[in-house]
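Student: Dropping in protein05.cif, which is mmCIF, C-alpha atoms:
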```cif
data_model
loop_
_atom_site.label_atom_id
_atom_site.label_comp_id
_atom_site.auth_asym_id
_atom_site.auth_seq_id
_atom_site.Cartn_x
_atom_site.Cartn_y
_atom_site.Cartn_z
CA MET A 672 44.65 -83.54 -63.33
CA SER A 673 43.88 -80.15 -64.78
CA ASN A 674 40.20 -80.83 -64.15
CA ARG A 675 40.89 -81.40 -60.47
CA ASN A 676 42.86 -78.19 -60.24
CA THR A 677 40.03 -76.21 -61.74
CA GLU A 678 37.56 -77.80 -59.32
CA GLU A 679 39.75 -76.93 -56.37
CA ALA A 680 40.12 -73.40 -57.59
CA ILE A 681 36.35 -73.06 -57.88
CA MET A 682 35.82 -74.47 -54.37
CA ASN A 683 38.37 -72.06 -52.95
CA ALA A 684 36.74 -69.13 -54.67
CA ARG A 685 33.38 -70.18 -53.20
CA LYS A 686 34.82 -70.47 -49.71
CA ASN A 687 36.36 -67.04 -50.04
CA ARG A 688 33.13 -65.53 -51.18
CA LEU A 689 31.23 -67.14 -48.30
CA LEU A 690 33.81 -65.82 -45.85
CA LEU A 691 33.48 -62.36 -47.31
CA ALA A 692 29.68 -62.49 -47.11
CA VAL A 693 29.76 -63.60 -43.46
CA THR A 694 32.25 -60.86 -42.58
CA LEU A 695 30.16 -58.23 -44.29
CA ALA A 696 26.96 -59.42 -42.58
CA LEU A 697 28.67 -59.31 -39.19
CA ALA A 698 30.03 -55.87 -39.89
CA ARG A 699 26.55 -54.67 -40.74
CA VAL A 700 25.03 -56.05 -37.55
CA THR A 701 27.77 -54.36 -35.51
CA ALA A 702 27.29 -51.11 -37.39
CA VAL A 703 23.62 -51.05 -36.36
CA ALA A 704 24.23 -52.23 -32.81
CA ALA A 705 27.12 -49.89 -32.04
CA PRO A 706 25.20 -46.60 -31.63
CA ARG A 707 22.75 -48.30 -29.25
CA ASP A 708 25.60 -49.71 -27.16
CA ASP A 709 27.21 -46.28 -27.14
CA LEU A 710 23.94 -44.70 -26.03
CA LEU A 711 23.52 -47.17 -23.17
CA ALA A 712 27.17 -46.78 -22.18
CA GLY A 713 26.75 -43.00 -22.12
CA TYR A 714 23.66 -43.21 -19.91
CA ALA A 715 25.42 -45.71 -17.62
CA ALA A 716 28.42 -43.42 -17.21
CA ALA A 717 26.13 -40.46 -16.44
CA ALA A 718 24.07 -42.54 -13.99
CA LYS A 719 27.20 -43.68 -12.16
CA LYS A 720 28.27 -40.08 -11.73
CA THR A 721 25.09 -39.08 -9.89
CA ASP A 722 24.68 -42.38 -8.04
CA PRO A 723 27.80 -44.36 -7.09
CA ALA A 724 25.55 -47.32 -6.21
CA PHE A 725 24.28 -47.54 -9.81
CA ALA A 726 23.89 -51.24 -10.64
CA GLY A 727 22.97 -51.32 -14.32
CA PHE A 728 19.75 -50.88 -16.27
CA SER A 729 16.62 -52.97 -16.01
CA ALA A 730 14.12 -53.61 -18.79
CA THR A 731 11.50 -54.46 -16.14
CA ARG A 732 11.93 -51.05 -14.53
CA GLY A 733 11.81 -49.53 -18.00
CA GLU A 734 8.48 -51.22 -18.68
CA ALA A 735 7.02 -49.90 -15.43
CA PHE A 736 8.28 -46.42 -16.31
CA HIS A 737 6.75 -46.65 -19.78
CA ARG A 738 3.31 -47.33 -18.27
CA ASN A 739 3.55 -45.15 -15.18
CA SER A 740 1.38 -42.02 -14.81
CA PHE A 741 3.12 -38.79 -13.85
CA ALA A 742 1.66 -35.60 -12.44
CA GLY A 743 4.37 -33.07 -13.36
CA GLY A 744 3.76 -32.77 -17.09
CA LYS A 745 0.86 -31.77 -19.28
CA ALA A 746 -2.59 -32.90 -18.23
CA ALA A 747 -3.30 -34.32 -21.67
CA THR A 748 -0.21 -36.54 -21.65
CA PRO A 749 0.39 -38.02 -18.17
CA THR A 750 2.16 -41.14 -19.47
CA CYS A 751 4.30 -42.39 -22.37
CA THR A 752 1.31 -44.44 -23.43
CA SER A 753 -0.79 -41.30 -23.92
CA CYS A 754 0.67 -41.34 -27.44
CA HIS A 755 2.75 -44.52 -27.71
CA ALA A 756 1.00 -47.86 -27.53
CA LYS A 757 0.95 -49.80 -24.23
CA ASP A 758 2.35 -52.74 -26.18
CA PRO A 759 5.55 -51.38 -27.74
CA ARG A 760 5.16 -53.74 -30.68
CA THR A 761 2.11 -51.88 -31.94
CA ALA A 762 1.82 -48.39 -33.41
CA GLY A 763 0.88 -45.33 -31.37
CA GLN A 764 -0.93 -42.12 -32.36
CA THR A 765 -0.06 -38.45 -31.86
CA PRO A 766 -2.68 -35.95 -30.64
CA ALA A 767 -2.77 -34.72 -34.26
CA GLY A 768 -3.79 -38.22 -35.32
CA LYS A 769 -0.57 -39.29 -36.99
CA ALA A 770 0.56 -42.87 -36.49
CA ILE A 771 3.79 -43.42 -34.50
CA ASP A 772 5.96 -46.36 -35.51
CA PRO A 773 6.17 -49.08 -32.84
CA LEU A 774 8.91 -48.50 -30.24
CA ALA A 775 10.08 -52.13 -30.00
CA VAL A 776 13.30 -52.73 -31.89
CA SER A 777 12.05 -56.12 -33.13
CA VAL A 778 9.30 -54.35 -35.08
CA SER A 779 11.13 -51.09 -35.90
CA PRO A 780 14.70 -52.21 -36.54
CA GLY A 781 15.82 -48.71 -37.57
CA ARG A 782 15.13 -47.16 -34.16
CA TYR A 783 17.71 -45.86 -31.67
CA THR A 784 20.56 -45.77 -34.19
CA ASP A 785 20.78 -41.96 -34.32
CA PRO A 786 21.79 -40.73 -30.84
CA ALA A 787 20.84 -37.12 -31.61
CA LYS A 788 17.32 -38.20 -32.54
CA VAL A 789 16.98 -40.30 -29.39
CA GLU A 790 18.06 -37.36 -27.22
CA LYS A 791 15.78 -34.96 -29.08
CA TRP A 792 12.73 -37.07 -28.34
CA PHE A 793 13.70 -37.84 -24.74
CA LYS A 794 14.00 -34.10 -24.17
CA ARG A 795 10.63 -33.26 -25.73
CA ASN A 796 8.64 -36.18 -24.43
CA CYS A 797 10.02 -36.21 -20.88
CA ASN A 798 9.13 -32.54 -20.63
CA GLU A 799 5.62 -33.20 -21.87
CA VAL A 800 4.97 -36.23 -19.66
CA LEU A 801 7.04 -35.59 -16.52
CA GLY A 802 7.51 -31.84 -16.70
CA ARG A 803 11.27 -32.32 -16.39
CA GLU A 804 14.14 -34.04 -18.12
CA CYS A 805 14.48 -37.78 -17.62
CA THR A 806 17.44 -39.04 -15.57
CA PRO A 807 20.11 -41.18 -17.23
CA GLN A 808 18.83 -44.12 -15.18
CA GLU A 809 15.28 -43.65 -16.51
CA LYS A 810 16.50 -43.28 -20.09
CA GLY A 811 18.69 -46.39 -19.85
CA ASP A 812 15.95 -48.49 -18.25
CA TRP A 813 13.39 -47.42 -20.82
CA LEU A 814 15.77 -47.99 -23.74
CA SER A 815 16.67 -51.43 -22.34
CA PHE A 816 12.98 -52.32 -22.29
CA MET A 817 12.54 -51.28 -25.94
CA LEU A 818 15.68 -53.14 -27.02
CA SER A 819 14.38 -56.27 -25.30
CA GLN A 820 11.07 -56.10 -27.12
CA MET B 1017 -18.07 -20.01 -99.82
CA ASN B 1018 -20.45 -22.01 -97.78
CA LEU B 1019 -18.71 -23.15 -94.61
CA PRO B 1020 -20.60 -25.32 -92.08
CA TYR B 1021 -20.36 -22.71 -89.33
CA ARG B 1022 -22.49 -24.51 -86.80
CA PRO B 1023 -20.52 -27.80 -86.70
CA ILE B 1024 -17.21 -25.89 -86.65
CA ALA B 1025 -18.34 -23.71 -83.76
CA LEU B 1026 -19.61 -26.72 -81.82
CA GLY B 1027 -16.34 -28.53 -82.47
CA LEU B 1028 -14.30 -25.58 -81.20
CA ILE B 1029 -16.40 -25.35 -78.06
CA ALA B 1030 -15.87 -29.06 -77.40
CA VAL B 1031 -12.08 -28.70 -77.84
CA ALA B 1032 -11.94 -25.66 -75.56
CA PHE B 1033 -14.00 -27.45 -72.92
CA SER B 1034 -11.81 -30.55 -72.88
CA ALA B 1035 -8.68 -28.41 -72.76
CA LEU B 1036 -10.11 -26.71 -69.68
CA LEU B 1037 -10.92 -30.08 -68.10
CA PHE B 1038 -7.48 -31.42 -68.92
CA GLN B 1039 -5.82 -28.43 -67.31
CA ARG B 1040 -7.88 -28.89 -64.17
CA ALA B 1041 -7.12 -32.60 -64.08
CA GLN B 1042 -3.40 -31.85 -64.41
CA ALA B 1043 -3.54 -29.42 -61.53
CA GLY B 1044 -5.44 -32.00 -59.47
CA GLY B 1045 -8.71 -30.14 -59.79
CA SER B 1046 -7.21 -27.31 -57.66
CA HIS B 1047 -7.07 -29.72 -54.71
CA TYR B 1048 -3.43 -30.56 -55.31
CA PHE B 1049 -0.76 -29.11 -53.03
CA ALA B 1050 2.78 -30.24 -53.82
CA PRO B 1051 3.97 -32.27 -50.80
CA VAL B 1052 7.17 -31.45 -48.91
CA ASN B 1053 10.13 -32.87 -50.83
CA ASP B 1054 12.92 -31.88 -48.47
CA ALA B 1055 14.16 -34.66 -46.17
CA VAL B 1056 14.89 -32.41 -43.18
CA VAL B 1057 11.55 -30.59 -43.40
CA LYS B 1058 9.72 -33.88 -43.81
CA GLU B 1059 11.40 -35.33 -40.72
CA GLU B 1060 11.12 -32.27 -38.46
CA CYS B 1061 7.63 -31.13 -39.52
CA GLY B 1062 6.18 -34.55 -40.22
CA SER B 1063 6.74 -36.49 -37.00
CA CYS B 1064 3.75 -35.28 -35.00
CA HIS B 1065 1.47 -34.24 -37.84
CA LEU B 1066 1.38 -34.45 -41.61
CA ALA B 1067 4.16 -32.30 -43.05
CA PHE B 1068 1.75 -29.69 -44.40
CA PRO B 1069 2.48 -28.42 -47.91
CA PRO B 1070 4.16 -25.00 -47.66
CA SER B 1071 1.75 -23.63 -50.29
CA MET B 1072 -1.12 -23.85 -47.77
CA LEU B 1073 0.07 -20.71 -45.96
CA PRO B 1074 1.70 -17.45 -47.05
CA ALA B 1075 5.40 -16.82 -46.41
CA SER B 1076 4.64 -14.41 -43.55
CA SER B 1077 2.86 -17.22 -41.69
CA TRP B 1078 5.81 -19.59 -41.94
CA GLN B 1079 8.17 -16.88 -40.72
CA ARG B 1080 5.94 -16.15 -37.74
CA MET B 1081 5.54 -19.85 -36.93
CA MET B 1082 9.23 -20.67 -37.20
CA ALA B 1083 10.08 -17.73 -34.93
CA ASP B 1084 8.18 -19.29 -32.01
CA LEU B 1085 8.58 -23.07 -32.12
CA LYS B 1086 8.79 -23.18 -28.33
CA ASN B 1087 5.05 -22.48 -28.30
CA HIS B 1088 3.93 -24.50 -31.28
CA PHE B 1089 0.17 -24.88 -30.76
CA GLY B 1090 0.81 -25.82 -27.13
CA ASP B 1091 3.88 -27.97 -27.74
CA ASP B 1092 7.58 -27.26 -27.58
CA ALA B 1093 8.74 -28.13 -31.07
CA SER B 1094 12.02 -26.24 -30.98
CA VAL B 1095 14.93 -27.36 -33.12
CA ASP B 1096 18.52 -26.15 -33.31
CA ALA B 1097 19.20 -22.86 -35.09
CA ALA B 1098 20.73 -24.35 -38.25
CA THR B 1099 17.79 -26.74 -38.73
CA ALA B 1100 15.30 -23.94 -38.09
CA ALA B 1101 16.97 -21.74 -40.72
CA HIS B 1102 16.92 -24.57 -43.26
CA ILE B 1103 13.22 -25.28 -42.63
CA THR B 1104 12.26 -21.59 -42.74
CA ASP B 1105 14.06 -21.09 -46.07
CA TYR B 1106 12.23 -24.04 -47.59
CA LEU B 1107 8.80 -23.03 -46.31
CA VAL B 1108 9.18 -19.39 -47.31
CA ALA B 1109 10.46 -20.27 -50.81
CA ASN B 1110 7.53 -22.61 -51.46
CA ALA B 1111 4.78 -20.70 -49.67
CA GLY B 1112 1.33 -20.08 -51.16
CA ASP B 1113 2.22 -16.51 -52.15
CA THR B 1114 5.74 -17.29 -53.40
CA GLY B 1115 7.01 -20.44 -55.16
CA GLY B 1116 3.87 -22.45 -54.40
CA ARG B 1117 1.40 -19.85 -55.67
CA ARG B 1118 -0.12 -22.07 -58.33
CA TYR B 1119 -1.13 -24.57 -55.64
CA GLY B 1120 -2.05 -22.23 -52.81
CA ASP B 1121 -3.73 -19.46 -54.77
CA LYS B 1122 -7.29 -20.62 -54.25
CA LEU B 1123 -6.92 -21.71 -50.63
CA LEU B 1124 -5.47 -18.33 -49.70
CA ARG B 1125 -8.17 -16.36 -51.51
CA GLY B 1126 -9.95 -14.14 -49.03
CA SER B 1127 -7.20 -14.55 -46.41
CA SER B 1128 -4.68 -11.87 -45.57
CA THR B 1129 -1.15 -12.75 -46.61
CA THR B 1130 0.31 -10.07 -44.36
CA LYS B 1131 -1.54 -10.88 -41.14
CA ALA B 1132 0.32 -14.21 -41.04
CA PRO B 1133 -2.49 -16.62 -40.16
CA LEU B 1134 -1.06 -19.61 -38.25
CA ARG B 1135 -3.79 -22.19 -38.63
CA ILE B 1136 -4.59 -23.57 -42.07
CA THR B 1137 -7.91 -24.68 -40.59
CA GLU B 1138 -8.89 -21.06 -39.93
CA LEU B 1139 -8.44 -19.81 -43.49
CA SER B 1140 -11.83 -18.68 -44.77
CA ARG B 1141 -11.52 -20.86 -47.85
CA TRP B 1142 -10.66 -23.90 -45.72
CA LEU B 1143 -13.69 -23.26 -43.51
CA ARG B 1144 -15.94 -22.98 -46.56
CA GLU B 1145 -14.63 -26.20 -48.08
CA HIS B 1146 -15.25 -28.07 -44.80
CA ARG B 1147 -18.54 -26.47 -43.74
CA GLU B 1148 -20.50 -29.65 -44.42
CA VAL B 1149 -18.40 -31.85 -42.16
CA PRO B 1150 -20.48 -32.54 -39.03
CA ALA B 1151 -19.02 -32.17 -35.52
CA TRP B 1152 -19.21 -35.88 -34.74
CA GLU B 1153 -16.92 -36.65 -37.65
CA TRP B 1154 -14.24 -34.30 -36.29
CA GLN B 1155 -14.52 -36.01 -32.91
CA HIS B 1156 -14.29 -39.53 -34.32
CA LYS B 1157 -11.41 -41.44 -32.73
CA ASP B 1158 -9.71 -41.90 -36.09
CA VAL B 1159 -9.84 -38.18 -36.79
CA ARG B 1160 -9.17 -36.52 -33.39
CA SER B 1161 -7.86 -33.30 -34.91
CA LYS B 1162 -8.52 -30.98 -37.83
CA ALA B 1163 -4.80 -31.30 -38.53
CA ASN B 1164 -5.31 -34.97 -39.38
CA CYS B 1165 -5.97 -34.46 -43.12
CA VAL B 1166 -5.17 -38.08 -43.95
CA ALA B 1167 -8.14 -39.37 -41.95
CA CYS B 1168 -10.45 -38.25 -44.78
CA HIS B 1169 -8.11 -37.30 -47.64
CA ALA B 1170 -6.46 -40.68 -48.12
CA ALA B 1171 -3.91 -39.38 -50.64
CA ALA B 1172 -2.96 -36.25 -48.68
CA GLU B 1173 0.61 -37.44 -48.15
CA ARG B 1174 1.02 -37.38 -51.92
CA GLY B 1175 -0.52 -33.92 -52.17
CA TYR B 1176 -4.11 -34.75 -53.18
CA TYR B 1177 -6.89 -33.29 -51.07
CA ASP B 1178 -9.95 -34.23 -53.09
CA ASP B 1179 -13.01 -35.61 -51.35
#
```
Represent the structure of the file as structure tokens.

Tutor:
Amino acid sequence: MSNRNTEEAIMNARKNRLLLAVTLALARVTAVAAPRDDLLAGYAAAAKKTDPAFAGFSATRGEAFHRNSFAGGKAATPTCTSCHAKDPRTAGQTPAGKAIDPLAVSVSPGRYTDPAKVEKWFKRNCNEVLGRECTPQEKGDWLSFMLSQ
Amino acid sequence: MNLPYRPIALGLIAVAFSALLFQRAQAGGSHYFAPVNDAVVKEECGSCHLAFPPSMLPASSWQRMMADLKNHFGDDASVDAATAAHITDYLVANAGDTGGRRYGDKLLRGSSTTKAPLRITELSRWLREHREVPAWEWQHKDVRSKANCVACHAAAERGYYDD
């Protein structure tokens, strides 16, 4: 009898531990995903403000944007892929020769979790490539593309 | 007393010579520049190019550079005021004529520390050390820029700039 009780107690303890592990794992996934969702939500809200017909972001449009050539920015960097790789899963290279980590979230899981960093680079790079700031729609589309990769 | 002067003298010379060698080896043969060990500086100054060791330029250069990040060699590299102040403090404290003197001393020889040179690659000592590198090597697609130290100095990120 006492043996059975001990066994049950051990099983219960195991179940509890498993439950705890699963909860913790879920919490961690949410902790990483939350800033990205917040970013997208922020861009969506801003896009809606300027365009009442805003109908969500599109990774396909984001991909086209990523590869498009623009005339407004610097001659040396007409497109995102002047420095970043055409395939977001591979590394890019800065004009100074330094490697840039891949943009795709599947390869660089730490990306887009610090909103200030995302905004800093949108500001710099959009100015370099387009000669202006990117619109919330462009940012959201592009980010959706990278999150889908 | 009849001391064996010759062997003793030779022995002393050998000891002195190895001490000299050891000292050089410890200092990385004068091609060692302590890498940036501040997380903010590493992030802000090391995204586009190698985070250059502060000892490669005098303090006046870092002050001049940090005062005009909007025109940073053709790029807008501006950061917020608090970050800029933090970076400037670090660079100035560890510059080649302040805290990083023992690393930067040789590289800065023959260069003015008051004229605030902005390009490491224009220091006369740097030019002399690289005079044998042919043009085609600089233009190689894996090099692209004289700021790309790592292309040839494989251990540059860790501070070693030997051949």

Student: May I have a table of the residues of chain B lying at most 10 Å from chain A, giving each one's closest pair of atoms and their distance in Å to one decimal, counting all atoms listed in the file, ordered by chain and ascending residue number, as a Markdown table?

Tutor:
```
| residue | atom | partner | partner_atom | distance |
| --- | --- | --- | --- | --- |
| B:Gly1062 | CA | A:Lys769 | CA | 8.9 |
| B:Ser1063 | CA | A:Lys769 | CA | 7.8 |
| B:Cys1064 | CA | A:Thr765 | CA | 5.9 |
| B:His1065 | CA | A:Lys769 | CA | 5.5 |
| B:Leu1066 | CA | A:Lys769 | CA | 7.0 |
| B:Gly1090 | CA | A:Lys745 | CA | 9.9 |
| B:Asp1091 | CA | A:Glu799 | CA | 8.1 |
| B:Asp1092 | CA | A:Arg795 | CA | 7.0 |
| B:Ala1093 | CA | A:Arg795 | CA | 7.6 |
| B:Ser1094 | CA | A:Arg795 | CA | 8.9 |
| B:Val1095 | CA | A:Lys791 | CA | 8.6 |
| B:Lys1157 | CA | A:Gly768 | CA | 8.7 |
| B:Asp1158 | CA | A:Gly768 | CA | 7.0 |
| B:Val1159 | CA | A:Gly768 | CA | 6.2 |
| B:Arg1160 | CA | A:Gly768 | CA | 6.0 |
| B:Ser1161 | CA | A:Ala767 | CA | 5.3 |
| B:Lys1162 | CA | A:Ala767 | CA | 7.7 |
| B:Ala1163 | CA | A:Ala767 | CA | 5.8 |
| B:Asn1164 | CA | A:Gly768 | CA | 5.4 |
| B:Cys1165 | CA | A:Gly768 | CA | 8.9 |
| B:Val1166 | CA | A:Lys769 | CA | 8.4 |
| B:Ala1167 | CA | A:Gly768 | CA | 8.0 |
```

Student: Counting all atoms listed in the file, figure out which residue out of B:Ile1103, B:Ile1029, B:Ala1083, B:Ala1098 gets nearest to B:Ala1067.

Tutor: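 Counting all atoms listed in the file, the residue closest to B:Ala1067 is B:Ile1103.
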
Student: Please write the residues picked by the PyMOL selection byres ((chain B and resi 1051) around 7) on this file as a tab-separated table (two decimals) with C-alpha atoms, in the coordinates of the input.

Tutor:
```
chain	number	residue	atom	x	y	z
B	1049	PHE	CA	-0.76	-29.11	-53.03
B	1050	ALA	CA	2.78	-30.24	-53.82
B	1052	VAL	CA	7.17	-31.45	-48.91
B	1053	ASN	CA	10.13	-32.87	-50.83
B	1069	PRO	CA	2.48	-28.42	-47.91
B	1173	GLU	CA	0.61	-37.44	-48.15
B	1174	ARG	CA	1.02	-37.38	-51.92
B	1175	GLY	CA	-0.52	-33.92	-52.17
```

Student: If you count only C-alpha atoms, which residues fall within 10 Å of A:Ala726, apart from same-chain ones fewer than 5 positions away, as a list in words?

Tutor: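 Listed by chain and then number, they are Ala715, Ala718, Lys719 and Gln808 of chain A.
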
Student: May I have the residues within 12 Å of A:Lys757 as a list in words, using all atoms listed in the file and disregarding those fewer than 6 positions away in the same chain?

Tutor: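 Returned residues: Glu734, Ala735, Phe736, His737, Arg738, Asn739, Thr750, Cys751, Gly763, Gln764, Pro773, Leu774, Ala775 and Met817 of chain A.
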
Student: With C-alpha atoms retained, export the selected residues as an mmCIF file, in the frame of the given file.

Tutor:
```
data_model
loop_
_atom_site.group_PDB
_atom_site.id
_atom_site.type_symbol
_atom_site.label_atom_id
_atom_site.label_comp_id
_atom_site.auth_asym_id
_atom_site.auth_seq_id
_atom_site.Cartn_x
_atom_site.Cartn_y
_atom_site.Cartn_z
ATOM 1 C CA GLU A 734 8.480 -51.220 -18.680
ATOM 2 C CA ALA A 735 7.020 -49.900 -15.430
ATOM 3 C CA PHE A 736 8.280 -46.420 -16.310
ATOM 4 C CA HIS A 737 6.750 -46.650 -19.780
ATOM 5 C CA ARG A 738 3.310 -47.330 -18.270
ATOM 6 C CA ASN A 739 3.550 -45.150 -15.180
ATOM 7 C CA THR A 750 2.160 -41.140 -19.470
ATOM 8 C CA CYS A 751 4.300 -42.390 -22.370
ATOM 9 C CA GLY A 763 0.880 -45.330 -31.370
ATOM 10 C CA GLN A 764 -0.930 -42.120 -32.360
ATOM 11 C CA PRO A 773 6.170 -49.080 -32.840
ATOM 12 C CA LEU A 774 8.910 -48.500 -30.240
ATOM 13 C CA ALA A 775 10.080 -52.130 -30.000
ATOM 14 C CA MET A 817 12.540 -51.280 -25.940
#
```

Student: Could you tell me which residues the PyMOL selection byres ((chain A and resi 780) around 12) returns for this structure, as a PyMOL selection string?

Tutor: chain A and resi 700+703-704+707+760+772-779+781-784+817-820

Student: Could you tell me, as number ranges by chain, which residues have any atom at most 12 Å from (16.2, -24.5, -36.2), counting only C-alpha atoms?

Tutor: B: 1056-1057, 1060-1061, 1079, 1081-1086, 1093-1105

Student: Write a file of the selected residues as a compact mmCIF listing (two decimals), in the frame of the given file, keeping C-alpha atoms.

Tutor:
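The result, written out as out-v5.txt:
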```txt
# COMPACT_ATOMS: atom_id res chain seq x y z
CA VAL B 1056 14.89 -32.41 -43.18
CA VAL B 1057 11.55 -30.59 -43.40
CA GLU B 1060 11.12 -32.27 -38.46
CA CYS B 1061 7.63 -31.13 -39.52
CA GLN B 1079 8.17 -16.88 -40.72
CA MET B 1081 5.54 -19.85 -36.93
CA MET B 1082 9.23 -20.67 -37.20
CA ALA B 1083 10.08 -17.73 -34.93
CA ASP B 1084 8.18 -19.29 -32.01
CA LEU B 1085 8.58 -23.07 -32.12
CA LYS B 1086 8.79 -23.18 -28.33
CA ALA B 1093 8.74 -28.13 -31.07
CA SER B 1094 12.02 -26.24 -30.98
CA VAL B 1095 14.93 -27.36 -33.12
CA ASP B 1096 18.52 -26.15 -33.31
CA ALA B 1097 19.20 -22.86 -35.09
CA ALA B 1098 20.73 -24.35 -38.25
CA THR B 1099 17.79 -26.74 -38.73
CA ALA B 1100 15.30 -23.94 -38.09
CA ALA B 1101 16.97 -21.74 -40.72
CA HIS B 1102 16.92 -24.57 -43.26
CA ILE B 1103 13.22 -25.28 -42.63
CA THR B 1104 12.26 -21.59 -42.74
CA ASP B 1105 14.06 -21.09 -46.07
```

Student: Figure out the distance between atom CA of A:Ala762 and atom CA of A:Arg732, please, to one decimal in Å.

Tutor: 21.6 Å

Student: Tell me, in Å to one decimal, how far atom CA of A:Phe816 is from atom CA of A:Phe725.

Tutor: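 Result for atom CA of A:Phe816 versus atom CA of A:Phe725: 17.5 Å, one decimal.
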
Student: Set the distance at 8 Å and use all atoms listed in the file: which residues neighbour B:Leu1134 once local chain neighbours fewer than 6 positions away are removed? I'd like the list as an mmCIF file with C-alpha atoms, in the frame of the given file.

Tutor:
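Saved as selection.cif:
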```cif
data_model
loop_
_atom_site.group_PDB
_atom_site.id
_atom_site.type_symbol
_atom_site.label_atom_id
_atom_site.label_comp_id
_atom_site.auth_asym_id
_atom_site.auth_seq_id
_atom_site.Cartn_x
_atom_site.Cartn_y
_atom_site.Cartn_z
ATOM 1 C CA LEU B 1073 0.070 -20.710 -45.960
ATOM 2 C CA SER B 1077 2.860 -17.220 -41.690
ATOM 3 C CA TRP B 1078 5.810 -19.590 -41.940
ATOM 4 C CA ARG B 1080 5.940 -16.150 -37.740
ATOM 5 C CA MET B 1081 5.540 -19.850 -36.930
#
```

Student: Give me, please, the distance in Å between atom CA of A:Phe728 and atom CA of A:Ala747, quoted to one decimal.

Tutor: 28.9 Å

Student: Restricting the calculation to only C-alpha atoms, which member of B:Ser1140, B:Thr1114, B:Tyr1106, B:Trp1152 is positioned closest to B:Gly1126?

Tutor: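 Counting only C-alpha atoms, the residue closest to B:Gly1126 is B:Ser1140.
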
Student: Is there a way to get, as a list in words, all residues within 9 Å of the point (-1.4, -21.2, -50.6) in file coordinates, counting all atoms listed in the file?

Tutor: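 The residues that fall inside the cut-off are Phe1049, Pro1069, Pro1070, Ser1071, Met1072, Leu1073, Pro1074, Ala1111, Gly1112, Asp1113, Thr1114, Gly1116, Arg1117, Arg1118, Tyr1119, Gly1120, Asp1121, Lys1122, Leu1123, Leu1124 and Arg1125 of chain B.
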
Student: Of the candidates A:Asp708, A:Phe741, A:Ala724, A:Gly713, which shows the shortest atom-to-atom distance to A:Val800, using all atoms listed in the file?

Tutor: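 Using all atoms listed in the file, A:Val800 sits closest to A:Phe741.
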